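Peer 1: Let me give you the structure first, and then I'll get to my questions.
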Amino acid sequence: MTIPTAPYPALRLRRTRAHAWSRAMFAENRLHPSDLIWPLFVTEGSGVEEPISSLPGVSRWSVDLIVARAKEAMAAGIPCIALFPNTQAERRSDDGKEALNPDNLMCRAIRALKNAVPDIGVLTDVALDPYTAHGQDGLVDDRGRIVNDATIDVLIGQSLNQAAAGADIIAPSDMMDGRVGLIRAALEQNGHQDVQIMAYAAKYASAFYGPFRDAVGSRGLLKGDKKTYQMDPANAQEALREVALDLAEGADSVMVKPGLPYLDIVRAVKERFAVPVFAYQVSGEYAMIEAAAAAGAGDRDALVLETLMSFKRAGCTGVLTYHALHAARLME
């Protein structure tokens, strides 16, 4: 469609930019703390904070301190936190059975959060990489292949385990085919009808995940790569097929991961499906902003807010970001 416009000088687009009040009035997108989800890493112990060297300013927290972080999130207007466990080495196994333990680190953190801060949303990661000795998101056969259907059986149990502990949103990040529909059916059959599924629908085999793997303790364990189940960064149309399948299977919302390098995917998903779309500003993206700010290449606050605005402009309903608390306070 051609939009008729007056020629210069009758039309001067700078007119609406001349004053702060006018820029605010004509802004097409706005950031709010409710747009943010704060990923947090939980570890064993009490009163424990373990800084993550590859993620400056980010730490692993014991359950009691995760509760304190959730209270900070609530005070800042952040509606939801996302939990990721750093499972002890002795609890990891090839079959990832610790994911099914109703008293595992993740479940204890969920219960503590819902008891202490019941009004904050708790999103839980569903995949086996925090629990496997080999660092893969699924089970591995004797030929070294990630097996799809047997993995889903464990993911269903993991999802039910987390839902029973009080999780509000189950977020399968494993990229196994068909897992959303089977998890949805299991949740319905076991009385968890109100538990949401946010599907990692377009999760790419990215080079930006390194610091996250440090945080959950899987980087040194990972044997091989994840290219047989995570998406090829060269593909865009395939992402739309993945999203369509997850929505058809019962996902309430979908996620694109990583974030900034895949804004074209966010826009395409939003335009095609008109559903809630989230992006994960992953650990490598966070680390680059922190490195740029530390090197004097840009103002940290401005970099954080401009990057988050790009997600909103592309069509995101919300963003998972390690900068969530800092960004929310900047918006006050």
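By convention here, the chains of the structure tokens are called A, B, ... in the order presented, each chain's residues are numbered starting at 1, and ligands are numbered starting at 1 in the order presented.
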DSSP on the backbone, then: every residue of range 151-227 of chain A marked helix (DSSP H, G or I), written as a ChimeraX atom specification.

Peer 2: /A:151-165,179-189,210-216

Peer 1: Just want the 9 Å neighbourhood of Phe311 in chain A, counted on only C-alpha atoms, with same-chain residues fewer than 5 positions away dropped. Output as a list in words.

Peer 2: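 Listed by chain and then number, they are Gly259, Leu260, Leu263, Val266, Phe278, Ala279, Cys316, Thr317, Gly318 and Val319 of chain A.
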
Peer 1: My list of candidates is A:Thr16, A:Met198, A:Ala164, A:Glu290. Which is closest to Val254 in chain A when distances are computed with only C-alpha atoms?

Peer 2: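 Checking each candidate against Val254 in chain A, we get A:Met198 as the closest.
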
Peer 1: Please provide as an MDAnalysis selection string all residues within 12 Å of Arg145 in chain A, with the sequence filter that same-chain residues fewer than 3 positions apart are discarded (counting only C-alpha atoms).

Peer 2: chainID A and resid 134 136:142 148 150:151 223:229

Peer 1: For a quick check of understanding, using only C-alpha atoms, which of A:Tyr8, A:Ile52, A:Trp21, A:Ile170 has the smallest distance to Ala287 in chain A?

Peer 2: A:Ile52

Peer 1: At a cut-off of 10 Å, using only C-alpha atoms, what residues contact Ala244 in chain A? Leave out same-chain residues fewer than 5 positions from it and give the result as a list in words.

Peer 2: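 Near Ala244 in chain A, the qualifying residues are Ala201, Glu238, Ala239, Glu249, Ala251, Val254, Val269, Arg272 and Phe273 of chain A.
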
Peer 1: Can you spit out the residues from that selection as a short mmCIF file (atom, residue, chain, number, x, y, z; two decimals), in the first residue's frame, using N, CA and C atoms?

Peer 2:
data_model
loop_
_atom_site.label_atom_id
_atom_site.label_comp_id
_atom_site.auth_asym_id
_atom_site.auth_seq_id
_atom_site.Cartn_x
_atom_site.Cartn_y
_atom_site.Cartn_z
N ALA A 201 10.32 -22.63 20.67
CA ALA A 201 9.90 -23.15 19.36
C ALA A 201 10.99 -23.02 18.32
N GLU A 238 12.05 -22.69 8.27
CA GLU A 238 11.93 -23.83 9.18
C GLU A 238 11.44 -23.39 10.55
N ALA A 239 11.83 -22.19 10.97
CA ALA A 239 11.38 -21.67 12.26
C ALA A 239 9.86 -21.52 12.28
N GLU A 249 0.14 -28.07 18.90
CA GLU A 249 0.21 -29.05 19.97
C GLU A 249 -0.21 -28.48 21.33
N ALA A 251 0.91 -25.10 22.72
CA ALA A 251 1.72 -24.06 23.37
C ALA A 251 0.89 -22.80 23.56
N VAL A 254 5.27 -18.78 22.46
CA VAL A 254 6.46 -19.36 21.84
C VAL A 254 7.65 -18.44 22.07
N VAL A 269 7.52 -14.51 12.94
CA VAL A 269 6.58 -15.29 13.76
C VAL A 269 5.39 -14.43 14.16
N ARG A 272 3.13 -13.79 11.12
CA ARG A 272 2.46 -14.99 10.60
C ARG A 272 1.38 -15.49 11.55
N PHE A 273 1.66 -15.49 12.86
CA PHE A 273 0.79 -16.19 13.79
C PHE A 273 0.02 -15.28 14.75
#

Peer 1: Which residues, written as a list in words, have at least one atom at most 10 Å from Gly57 in chain A, with only C-alpha atoms counted and residues fewer than 2 positions away on the same chain left out?

Peer 2: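 Everything that qualifies: Pro51, Ile52, Ser53, Ser54, Leu55, Ser59, Ala287, Glu290, Tyr322 and His323 of chain A.
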
Peer 1: Please identify the strand (DSSP E) residues within range 57-269 of chain A (assignment by DSSP from backbone atoms) and present them as a PyMOL selection string.

Peer 2: chain A and resi 59-62+80-85+121-126+139-140+146-147+169-172+196-203+253-257

Peer 1: Could you tell me how far CA of Pro172 in chain A sits from CA of Ala185 in chain A, in Å to one decimal place?

Peer 2: 14.1 Å

Peer 1: Expressed in Å to a single decimal, how great is the separation between CA of Asp232 in chain A and CA of Ser253 in chain A?

Peer 2: 21.7 Å

Peer 1: Taking into account only C-alpha atoms, which residue in the set A:Arg179, A:Arg300, A:Arg213, A:Lys257 is nearest to Pro130 in chain A?

Peer 2: A:Arg213
